[in-house]
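Pasted below: my_file.txt, compact mmCIF, C-alpha atoms.
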```
# COMPACT_ATOMS: atom_id res chain seq x y z
CA MET A 980 15.19 55.14 22.14
CA SER A 981 17.07 54.27 25.26
CA GLU A 982 20.43 52.51 25.07
CA LYS A 983 19.23 50.01 27.62
CA LYS A 984 16.61 48.71 25.25
CA ILE A 985 19.13 48.26 22.43
CA SER A 986 21.51 46.26 24.54
CA ARG A 987 18.70 44.06 25.79
CA MET A 988 17.70 43.32 22.23
CA GLN A 989 21.29 42.59 21.24
CA ARG A 990 21.78 40.32 24.19
CA TRP A 991 18.67 38.44 23.15
CA LEU A 992 20.07 38.12 19.63
CA LEU A 993 23.29 36.70 21.04
CA VAL A 994 21.40 34.06 22.95
CA LEU A 995 19.24 33.11 19.98
CA PRO A 996 21.86 31.09 18.04
CA MET A 997 22.72 29.27 21.25
CA LEU A 998 19.07 28.42 21.80
CA MET A 999 18.73 27.24 18.21
CA ALA A 1000 21.87 25.11 18.44
CA PHE A 1001 20.57 23.64 21.68
CA GLY A 1002 17.21 22.86 20.09
CA LEU A 1003 18.87 21.25 17.08
CA GLY A 1004 21.12 19.25 19.41
CA LEU A 1005 18.12 18.01 21.34
CA PHE A 1006 16.31 17.06 18.14
CA LEU A 1007 19.30 15.16 16.77
CA TYR A 1008 20.02 13.53 20.15
CA GLN A 1009 16.61 11.89 20.34
CA GLY A 1010 17.24 10.51 16.83
CA LEU A 1011 20.53 8.91 17.89
CA GLY A 1012 18.98 5.98 19.69
CA LYS A 1013 16.70 5.12 16.79
CA ASP A 1014 17.43 2.09 14.66
CA PRO A 1015 17.29 3.16 11.02
CA ASN A 1016 16.44 -0.42 10.04
CA LYS A 1017 13.33 -0.45 12.17
CA LEU A 1018 10.53 0.64 9.90
CA GLU A 1019 6.91 0.99 10.74
CA SER A 1020 4.84 -1.48 8.84
CA SER A 1021 1.43 -0.33 7.83
CA LEU A 1022 0.32 -3.94 7.98
CA LEU A 1023 0.47 -3.87 11.80
CA GLY A 1024 -3.06 -4.31 13.04
CA GLN A 1025 -4.21 -5.59 9.66
CA LYS A 1026 -4.89 -9.07 8.40
CA ILE A 1027 -2.34 -10.98 6.42
CA PRO A 1028 -3.46 -10.68 2.78
CA SER A 1029 -4.75 -13.97 1.43
CA PHE A 1030 -2.18 -15.95 -0.51
CA ILE A 1031 -1.54 -19.35 -1.96
CA GLY A 1032 1.90 -20.83 -1.38
CA GLU A 1033 3.70 -24.08 -1.61
CA SER A 1034 4.93 -26.29 1.20
CA LEU A 1035 8.70 -26.55 1.54
CA ASP A 1036 8.53 -30.24 2.43
CA GLU A 1037 5.85 -31.38 0.00
CA PRO A 1038 6.01 -29.50 -3.31
CA VAL A 1039 2.51 -30.64 -4.26
CA ARG A 1040 0.86 -29.37 -1.10
CA ALA A 1041 -0.64 -25.91 -1.42
CA ILE A 1042 -0.70 -23.67 1.63
CA ALA A 1043 -3.18 -20.84 2.00
CA LEU A 1044 -3.91 -18.22 4.60
CA ASP A 1045 -6.41 -20.55 6.31
CA ASP A 1046 -3.57 -22.90 7.25
CA ILE A 1047 -2.02 -20.21 9.42
CA LEU A 1048 -5.21 -19.28 11.28
CA GLY A 1049 -6.61 -20.95 14.38
CA THR A 1050 -4.09 -20.20 17.10
CA PRO A 1051 -1.80 -17.27 17.79
CA SER A 1052 1.45 -17.99 15.95
CA LEU A 1053 4.80 -16.65 15.00
CA VAL A 1054 5.56 -16.38 11.31
CA ASN A 1055 9.32 -16.51 10.90
CA VAL A 1056 11.03 -15.52 7.66
CA TRP A 1057 14.25 -17.48 7.16
CA ALA A 1058 16.79 -18.58 4.57
CA THR A 1059 19.90 -20.73 4.48
CA TRP A 1060 21.97 -17.83 3.11
CA CYS A 1061 21.16 -15.70 6.13
CA PRO A 1062 23.69 -15.92 8.99
CA THR A 1063 21.39 -14.28 11.53
CA CYS A 1064 18.78 -16.95 10.78
CA LYS A 1065 21.32 -19.57 11.76
CA ALA A 1066 22.08 -17.64 14.93
CA GLU A 1067 18.44 -17.56 15.99
CA HIS A 1068 17.58 -21.11 14.90
CA ALA A 1069 18.51 -22.76 18.20
CA PHE A 1070 16.36 -20.25 20.06
CA LEU A 1071 13.37 -21.04 17.83
CA ASN A 1072 13.81 -24.75 18.59
CA GLU A 1073 13.93 -23.93 22.28
CA LEU A 1074 10.83 -21.75 22.04
CA VAL A 1075 8.85 -24.63 20.57
CA ALA A 1076 10.21 -27.15 23.07
CA THR A 1077 9.82 -25.11 26.24
CA GLU A 1078 6.90 -22.78 25.58
CA GLY A 1079 5.04 -24.70 22.90
CA VAL A 1080 4.87 -21.68 20.62
CA ARG A 1081 3.53 -22.46 17.17
CA ILE A 1082 5.97 -21.20 14.54
CA ILE A 1083 5.35 -21.14 10.83
CA GLY A 1084 8.29 -20.67 8.52
CA VAL A 1085 8.56 -18.65 5.34
CA ASN A 1086 11.55 -19.96 3.43
CA TYR A 1087 12.55 -16.76 1.68
CA HIS A 1088 14.53 -16.58 -1.58
CA ASP A 1089 16.05 -19.98 -1.03
CA GLN A 1090 16.47 -23.33 -2.73
CA ARG A 1091 14.47 -26.33 -1.70
CA ALA A 1092 17.23 -28.93 -1.25
CA PRO A 1093 19.60 -26.91 0.96
CA ALA A 1094 16.64 -25.60 2.95
CA GLN A 1095 15.35 -29.11 3.67
CA ASP A 1096 18.87 -30.20 4.53
CA TRP A 1097 19.24 -27.26 6.94
CA LEU A 1098 16.10 -28.29 8.84
CA LEU A 1099 17.34 -31.89 9.05
CA ARG A 1100 20.68 -30.80 10.45
CA LEU A 1101 19.63 -27.99 12.78
CA GLY A 1102 16.21 -29.26 13.79
CA ASN A 1103 12.83 -28.09 12.56
CA PRO A 1104 10.97 -25.65 14.80
CA TYR A 1105 8.30 -25.01 12.18
CA GLU A 1106 4.90 -26.64 12.01
CA PHE A 1107 5.40 -26.16 8.29
CA SER A 1108 7.41 -23.85 6.06
CA ILE A 1109 6.09 -22.03 3.05
CA TYR A 1110 8.46 -22.17 0.11
CA ASP A 1111 8.83 -18.64 -1.26
CA PRO A 1112 11.76 -18.70 -3.71
CA LYS A 1113 10.77 -15.48 -5.48
CA GLY A 1114 9.76 -13.49 -2.42
CA GLN A 1115 6.17 -13.12 -3.61
CA LEU A 1116 4.68 -13.93 -0.21
CA GLY A 1117 7.42 -11.73 1.23
CA ILE A 1118 6.03 -8.74 -0.66
CA GLU A 1119 2.51 -9.48 0.60
CA LEU A 1120 3.82 -9.51 4.18
CA GLY A 1121 6.02 -6.45 3.71
CA VAL A 1122 9.19 -8.44 4.35
CA ILE A 1123 12.36 -6.41 3.92
CA GLY A 1124 14.91 -9.12 4.60
CA ALA A 1125 15.53 -12.22 6.65
CA PRO A 1126 15.12 -12.85 9.50
CA GLU A 1127 11.82 -11.26 10.38
CA THR A 1128 9.26 -12.56 12.82
CA TYR A 1129 5.57 -11.67 12.83
CA LEU A 1130 3.26 -12.22 15.77
CA VAL A 1131 -0.11 -13.16 14.31
CA ASP A 1132 -3.33 -13.73 16.22
CA ALA A 1133 -5.76 -16.59 15.63
CA GLN A 1134 -7.68 -14.56 13.06
CA GLY A 1135 -4.57 -13.71 11.03
CA THR A 1136 -4.11 -10.14 12.22
CA ILE A 1137 -0.49 -9.02 12.40
CA VAL A 1138 -0.07 -7.87 16.01
CA ASP A 1139 3.64 -7.12 16.03
CA LYS A 1140 6.74 -7.55 13.95
CA HIS A 1141 10.35 -8.07 14.92
CA THR A 1142 13.13 -7.39 12.42
CA GLY A 1143 16.39 -9.18 13.09
CA GLU A 1144 17.46 -11.95 15.40
CA LEU A 1145 14.92 -13.42 17.77
CA ASN A 1146 16.59 -14.32 21.05
CA ALA A 1147 15.72 -14.37 24.74
CA ARG A 1148 15.97 -10.57 24.94
CA THR A 1149 13.96 -9.69 21.83
CA TRP A 1150 11.41 -12.40 22.56
CA GLY A 1151 10.87 -10.62 25.86
CA LYS A 1152 9.27 -7.79 23.91
CA LEU A 1153 6.88 -10.05 21.97
CA LYS A 1154 6.10 -12.47 24.77
CA PRO A 1155 3.65 -10.32 26.78
CA GLN A 1156 1.55 -9.80 23.67
CA TYR A 1157 1.79 -13.48 22.79
CA ASP A 1158 0.73 -14.47 26.31
CA ALA A 1159 -2.21 -12.06 26.13
CA LEU A 1160 -3.32 -13.61 22.84
CA MET A 1161 -3.02 -17.12 24.29
CA ALA A 1162 -5.04 -16.08 27.34
CA GLN A 1163 -7.77 -14.77 25.05
CA GLN A 1164 -7.65 -17.98 23.07
CA GLY A 1165 -8.09 -20.06 26.24
CA GLN A 1166 -11.30 -18.30 27.22
CA MET B 743 53.45 -8.16 -28.62
CA MET B 744 52.13 -5.13 -26.75
CA LYS B 745 49.03 -5.20 -28.88
CA LEU B 746 48.37 -8.82 -28.01
CA LEU B 747 48.95 -8.18 -24.32
CA SER B 748 46.60 -5.23 -24.21
CA ALA B 749 43.94 -7.20 -26.08
CA VAL B 750 44.20 -10.01 -23.54
CA LEU B 751 44.05 -7.56 -20.66
CA LEU B 752 41.08 -5.76 -22.14
CA SER B 753 39.11 -8.97 -22.67
CA ALA B 754 39.94 -10.09 -19.13
CA LEU B 755 38.68 -6.75 -17.82
CA LEU B 756 35.45 -7.02 -19.80
CA THR B 757 34.82 -10.54 -18.55
CA LEU B 758 35.32 -9.39 -14.99
CA ALA B 759 33.02 -6.46 -15.50
CA SER B 760 30.09 -8.38 -16.95
CA PRO B 761 28.57 -9.88 -13.73
CA ALA B 762 28.11 -6.42 -12.27
CA ARG B 763 26.40 -5.19 -15.39
CA SER B 764 24.06 -8.14 -15.56
CA ALA B 765 22.97 -7.56 -11.96
CA ILE B 766 20.12 -5.26 -13.00
CA GLU B 767 17.63 -7.17 -15.06
CA THR B 768 16.04 -5.88 -18.24
CA TYR B 769 12.32 -5.80 -18.82
CA GLN B 770 10.36 -5.64 -22.05
CA PHE B 771 7.36 -3.35 -22.15
CA ALA B 772 4.41 -3.26 -24.52
CA SER B 773 4.81 0.49 -25.02
CA PRO B 774 7.43 3.18 -24.30
CA ASP B 775 4.81 4.81 -22.11
CA LEU B 776 4.74 1.85 -19.71
CA ALA B 777 8.53 1.68 -19.73
CA GLU B 778 8.71 5.33 -18.75
CA ARG B 779 6.24 4.89 -15.91
CA PHE B 780 8.26 1.91 -14.66
CA THR B 781 11.45 3.98 -14.73
CA ASP B 782 9.79 6.90 -12.97
CA LEU B 783 8.32 4.73 -10.23
CA THR B 784 11.51 2.80 -9.53
CA GLU B 785 13.37 6.09 -9.30
CA GLU B 786 10.79 7.70 -7.06
CA LEU B 787 10.37 4.81 -4.61
CA ARG B 788 13.00 4.06 -2.02
CA CYS B 789 14.60 0.70 -1.34
CA PRO B 790 13.27 -0.40 2.09
CA LYS B 791 16.48 -2.25 2.92
CA CYS B 792 19.11 0.28 2.04
CA GLN B 793 18.29 3.74 3.45
CA ASN B 794 19.66 5.93 0.69
CA GLN B 795 19.04 4.26 -2.62
CA ASN B 796 15.98 4.15 -4.78
CA LEU B 797 14.60 0.93 -6.20
CA SER B 798 16.27 1.38 -9.57
CA ASP B 799 19.72 1.93 -8.03
CA SER B 800 19.69 -0.90 -5.58
CA ASP B 801 20.97 -4.38 -6.13
CA SER B 802 19.35 -5.83 -3.00
CA ILE B 803 16.97 -8.78 -3.15
CA ILE B 804 14.00 -6.76 -1.98
CA SER B 805 14.56 -4.06 -4.63
CA LYS B 806 14.73 -6.70 -7.33
CA ASP B 807 11.46 -8.19 -6.06
CA LEU B 808 9.79 -4.80 -5.92
CA ARG B 809 10.97 -3.91 -9.43
CA ARG B 810 9.38 -7.15 -10.61
CA GLN B 811 6.23 -6.28 -8.67
CA ILE B 812 6.05 -2.81 -10.21
CA LYS B 813 6.65 -4.22 -13.70
CA GLN B 814 3.78 -6.65 -13.08
CA MET B 815 1.45 -3.95 -11.79
CA VAL B 816 2.29 -1.55 -14.63
CA ASP B 817 1.56 -4.34 -17.12
CA ASP B 818 -1.71 -5.10 -15.33
CA GLY B 819 -2.83 -1.53 -15.95
CA LYS B 820 -2.56 -0.32 -12.35
CA SER B 821 -2.24 3.44 -11.94
CA ASP B 822 0.81 5.09 -10.37
CA ASP B 823 -1.26 5.94 -7.30
CA GLN B 824 -2.44 2.35 -6.91
CA ILE B 825 1.15 1.16 -7.06
CA ARG B 826 2.28 3.77 -4.51
CA THR B 827 -0.58 2.81 -2.16
CA PHE B 828 0.33 -0.86 -2.50
CA MET B 829 3.93 -0.10 -1.51
CA VAL B 830 3.04 2.22 1.39
CA GLN B 831 0.63 -0.39 2.79
CA ARG B 832 3.48 -2.87 3.04
CA TYR B 833 6.56 -0.77 3.70
CA GLY B 834 5.19 2.41 5.25
CA ASP B 835 5.88 6.02 4.29
CA PHE B 836 9.57 5.16 4.37
CA ILE B 837 9.32 3.93 0.80
CA LEU B 838 8.28 7.37 -0.43
CA TYR B 839 11.04 9.88 -0.98
CA ASP B 840 8.26 12.46 -0.97
CA PRO B 841 6.61 11.95 2.42
CA PRO B 842 2.95 12.95 2.97
CA PHE B 843 2.07 15.86 5.26
CA LYS B 844 0.91 14.47 8.60
CA LEU B 845 1.61 14.70 12.32
CA GLN B 846 4.81 12.61 12.27
CA THR B 847 6.25 14.57 9.35
CA LEU B 848 5.23 17.99 10.67
CA VAL B 849 8.78 18.96 11.67
CA LEU B 850 10.11 17.80 8.32
CA TRP B 851 7.69 19.96 6.36
CA LEU B 852 7.51 23.02 8.61
CA ALA B 853 11.11 23.35 9.80
CA PRO B 854 12.37 25.09 6.61
CA ALA B 855 9.57 27.67 6.72
CA VAL B 856 10.00 28.29 10.45
CA LEU B 857 13.76 28.66 10.04
CA LEU B 858 13.27 31.06 7.14
CA VAL B 859 10.91 33.23 9.19
CA LEU B 860 13.35 33.16 12.12
CA GLY B 861 16.21 34.11 9.82
CA VAL B 862 14.28 37.04 8.34
CA LEU B 863 13.36 38.17 11.86
CA VAL B 864 16.98 38.07 12.96
CA VAL B 865 18.09 40.08 9.92
CA ILE B 866 15.36 42.69 10.52
CA LEU B 867 16.21 42.98 14.20
CA LEU B 868 19.93 43.25 13.48
CA ARG B 869 19.39 46.00 10.90
CA ARG B 870 17.07 47.90 13.19
CA GLY B 871 19.64 47.59 15.97
CA LYS B 872 22.30 49.02 13.69
CA ASP B 873 20.16 52.02 12.63
CA VAL B 874 19.33 52.78 16.21
CA SER B 875 22.93 52.60 17.33
CA ALA B 876 24.02 54.75 14.39
CA THR B 877 21.66 57.59 15.30
CA GLY B 878 21.97 57.04 19.03
CA ALA B 879 25.74 57.18 18.92
CA ALA B 880 25.97 60.35 16.80
CA LEU B 881 28.48 62.78 18.30
CA ASP B 882 27.69 66.38 18.98
CA ASP B 883 30.06 69.14 17.83
CA SER B 884 32.30 69.24 20.89
CA GLU B 885 32.66 65.44 20.92
CA GLN B 886 33.49 65.50 17.24
CA ALA B 887 36.21 68.09 17.85
CA ARG B 888 37.69 66.02 20.68
CA LEU B 889 37.71 62.90 18.50
CA GLN B 890 39.51 64.79 15.73
CA ALA B 891 42.08 66.07 18.23
CA LEU B 892 42.74 62.52 19.46
CA ILE B 893 43.15 61.23 15.92
CA ASP B 894 45.58 64.06 15.09
CA ALA B 895 47.59 63.35 18.24
CA VAL B 896 47.95 59.67 17.34
CA LYS B 897 48.91 60.57 13.78
CA SER B 898 51.67 62.98 14.82
CA ASP B 899 52.95 60.43 17.36
CA SER B 900 53.38 57.76 14.75
CA ASN B 901 55.01 60.28 12.40
CA LYS B 902 57.59 61.08 15.06
CA GLU B 903 58.34 57.41 15.61
CA SER B 904 58.92 56.77 11.91
CA ASN B 905 61.22 59.83 11.74
CA ASN B 906 63.32 58.44 14.58
CA ASP B 907 64.12 55.27 12.67
```

Take the structure I supplied and represent it as structure tokens, if you would.
Amino acid sequence: MSEKKISRMQRWLLVLPMLMAFGLGLFLYQGLGKDPNKLESSLLGQKIPSFIGESLDEPVRAIALDDILGTPSLVNVWATWCPTCKAEHAFLNELVATEGVRIIGVNYHDQRAPAQDWLLRLGNPYEFSIYDPKGQLGIELGVIGAPETYLVDAQGTIVDKHTGELNARTWGKLKPQYDALMAQQGQ
Amino acid sequence: MMKLLSAVLLSALLTLASPARSAIETYQFASPDLAERFTDLTEELRCPKCQNQNLSDSDSIISKDLRRQIKQMVDDGKSDDQIRTFMVQRYGDFILYDPPFKLQTLVLWLAPAVLLVLGVLVVILLRRGKDVSATGAALDDSEQARLQALIDAVKSDSNKESNND
């Protein structure tokens, strides 16, 4: 056994912890930028499960999955108790006015009167809102909290999902997919 | 007087405490078996909103809804696996505290084993290195004599110094 060989081995052992620490650092670093609230939804790429809901405006009117289908749409989960929903509301109005996007609301864990009042005061960007006071439709959609926005194609497949405020920047991420769906629809 | 005061304080405390206690709803089950499955499932599944709480711990809206959903499904005679599948379909693997073995969770599952093997390797290499250096560094007779002489010299030096004090 030569001494040279021993020292080479020992030097390698000295470097090993450094390499491991570096590897761990790299692994943790790439996790830093991740948003822990952004969860994958297994419903992406799948159809919205069929449901029967109730219209927010007309309690007697039943709303089913078929009412959503037909054109690519955004399904926006909102509530009057949710500050971020208030923050994004003006942008939703703008989206309807300027781009003609069809938005369907899911009024999540809310009360009918204040919700109707909210739409009267702040404007109503929704073609209709589904009244979901117990979050039952929310469970079917995999809703975690409000606001959430689903991009749904004409056949009811969930193409993408945005958790949190929808604004000019976050819409930028959904828009290309929305435009592609609209282009398909036009053909 | 003190008794009255403490009674008033105690009742005030209890009144204040009651909203928190009533936050978790109670469910009635047809059999203790169903109740146990409900408890197990709500403890095993994770609240999608709150990172580090299970469904039974969490007071969030979504956890309350999911507890109601699980209660409903347990009552409807759904199996534990059916309930888990239902949840994973909607909330992803995140909802499982016990994630399945697949490509995305490879690191999670294999890292402990890999680290253990690495650790054992390091220990083996270190021990072998020590054995080698022990035999390799053995002194021959003349070196041993010189070492002893040096030690003696240092010893007598320090003896002298302490005598001088």

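Of the listed residues (A:Ile1031, A:Gln1156, A:Ile1118, A:Pro1104), A:Pro1104 comes nearest to Thr1077 (chain A); the distances count only C-alpha atoms.
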
What are the closest atom pairs, with distances in Å to one decimal, for each residue of chain B lying within 10 Å of chain A, using all atoms listed in the file, rows by chain and rising residue number, as CSV?
```
residue,atom,partner,partner_atom,distance
B:Cys789,CA,A:Ile1123,CA,9.1
B:Pro790,CA,A:Ile1123,CA,6.3
B:Lys791,CA,A:Ile1123,CA,5.9
B:Cys792,CA,A:Asn1016,CA,8.5
B:Gln793,CA,A:Pro1015,CA,7.7
B:Ser802,CA,A:Gly1124,CA,9.4
B:Ile803,CA,A:Gly1124,CA,8.0
B:Ile804,CA,A:Ile1123,CA,6.1
B:Ser805,CA,A:Ile1123,CA,9.1
B:Lys806,CA,A:Gly1114,CA,9.7
B:Asp807,CA,A:Gly1114,CA,6.7
B:Leu808,CA,A:Ile1118,CA,7.6
B:Arg810,CA,A:Gln1115,CA,9.7
B:Gln811,CA,A:Ile1118,CA,8.4
B:Phe828,CA,A:Glu1119,CA,9.4
B:Met829,CA,A:Gly1121,CA,8.5
B:Val830,CA,A:Ser1021,CA,7.1
B:Gln831,CA,A:Ser1021,CA,5.1
B:Arg832,CA,A:Gly1121,CA,4.4
B:Tyr833,CA,A:Ser1020,CA,5.5
B:Gly834,CA,A:Ser1020,CA,5.3
B:Asp835,CA,A:Glu1019,CA,8.2
B:Phe836,CA,A:Leu1018,CA,7.2
B:Ile837,CA,A:Leu1018,CA,9.8
B:Leu857,CA,A:Met999,CA,9.7
B:Leu860,CA,A:Leu995,CA,9.8
B:Val864,CA,A:Leu992,CA,7.4
B:Leu867,CA,A:Met988,CA,8.2
B:Leu868,CA,A:Gln989,CA,7.9
B:Arg870,CA,A:Ile985,CA,9.5
B:Gly871,CA,A:Ile985,CA,6.5
B:Lys872,CA,A:Ile985,CA,9.3
B:Val874,CA,A:Met980,CA,7.6
B:Ser875,CA,A:Ile985,CA,7.7
B:Thr877,CA,A:Met980,CA,9.7
B:Gly878,CA,A:Met980,CA,7.7
B:Ala879,CA,A:Glu982,CA,9.4
```

Selected residues written out with C-alpha atoms, as a compact mmCIF listing (two decimals), in the coordinates of the input:
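Written output follows (again_32.txt):
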```txt
# COMPACT_ATOMS: atom_id res chain seq x y z
CA CYS B 789 14.60 0.70 -1.34
CA PRO B 790 13.27 -0.40 2.09
CA LYS B 791 16.48 -2.25 2.92
CA CYS B 792 19.11 0.28 2.04
CA GLN B 793 18.29 3.74 3.45
CA SER B 802 19.35 -5.83 -3.00
CA ILE B 803 16.97 -8.78 -3.15
CA ILE B 804 14.00 -6.76 -1.98
CA SER B 805 14.56 -4.06 -4.63
CA LYS B 806 14.73 -6.70 -7.33
CA ASP B 807 11.46 -8.19 -6.06
CA LEU B 808 9.79 -4.80 -5.92
CA ARG B 810 9.38 -7.15 -10.61
CA GLN B 811 6.23 -6.28 -8.67
CA PHE B 828 0.33 -0.86 -2.50
CA MET B 829 3.93 -0.10 -1.51
CA VAL B 830 3.04 2.22 1.39
CA GLN B 831 0.63 -0.39 2.79
CA ARG B 832 3.48 -2.87 3.04
CA TYR B 833 6.56 -0.77 3.70
CA GLY B 834 5.19 2.41 5.25
CA ASP B 835 5.88 6.02 4.29
CA PHE B 836 9.57 5.16 4.37
CA ILE B 837 9.32 3.93 0.80
CA LEU B 857 13.76 28.66 10.04
CA LEU B 860 13.35 33.16 12.12
CA VAL B 864 16.98 38.07 12.96
CA LEU B 867 16.21 42.98 14.20
CA LEU B 868 19.93 43.25 13.48
CA ARG B 870 17.07 47.90 13.19
CA GLY B 871 19.64 47.59 15.97
CA LYS B 872 22.30 49.02 13.69
CA VAL B 874 19.33 52.78 16.21
CA SER B 875 22.93 52.60 17.33
CA THR B 877 21.66 57.59 15.30
CA GLY B 878 21.97 57.04 19.03
CA ALA B 879 25.74 57.18 18.92
```

| query | Residues at most 9 Å from Thr1059 (chain A), counting all atoms listed in the file, excluding those fewer than 5 positions away in the same chain, as a list in words? | reply | Cys1064, Lys1065, Asn1086, Tyr1087, Asp1089, Gln1090, Pro1093, Ala1094 and Trp1097 of chain A

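Between CA of Thr1063 (chain A) and CA of Ala1076 (chain A) the interatomic distance comes to 20.6 Å.
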
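Checking A:Ala1069, A:Ile1083, A:Leu1053, A:Leu1098 one by one against Leu1130 (chain A), counting only C-alpha atoms, you find the shortest gap at A:Leu1053.
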
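Across the model, the gap from CA of Arg1100 (chain A) to CA of Asp1036 (chain A) is 14.6 Å.
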
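A straight line drawn from CA of Val849 (chain B) to CA of Leu1005 (chain A) is 13.5 Å long.
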
| said: Given all atoms listed in the file as the basis, pick out the residue of A:Glu1127, A:Asp1132, A:Glu1073, A:Asp1111 nearest to Cys1061 (chain A). | reply: A:Glu1127

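Checking A:Ser1034, A:Gln1134, A:Gln1009, A:Gln1095 one by one against Ile1047 (chain A), counting only C-alpha atoms, you find the shortest gap at A:Gln1134.
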
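Shortest separation to Ala1066 (chain A) among A:Leu1011, A:Leu1101, A:Leu1003, A:Ala1162 occurs at residue A:Leu1101, atoms counted being all atoms listed in the file.
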
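Shortest atom-to-atom contact with Ile825 (chain B) among B:Leu863, B:Phe780, B:Leu850, B:Asn796: B:Phe780, counting all atoms listed in the file.
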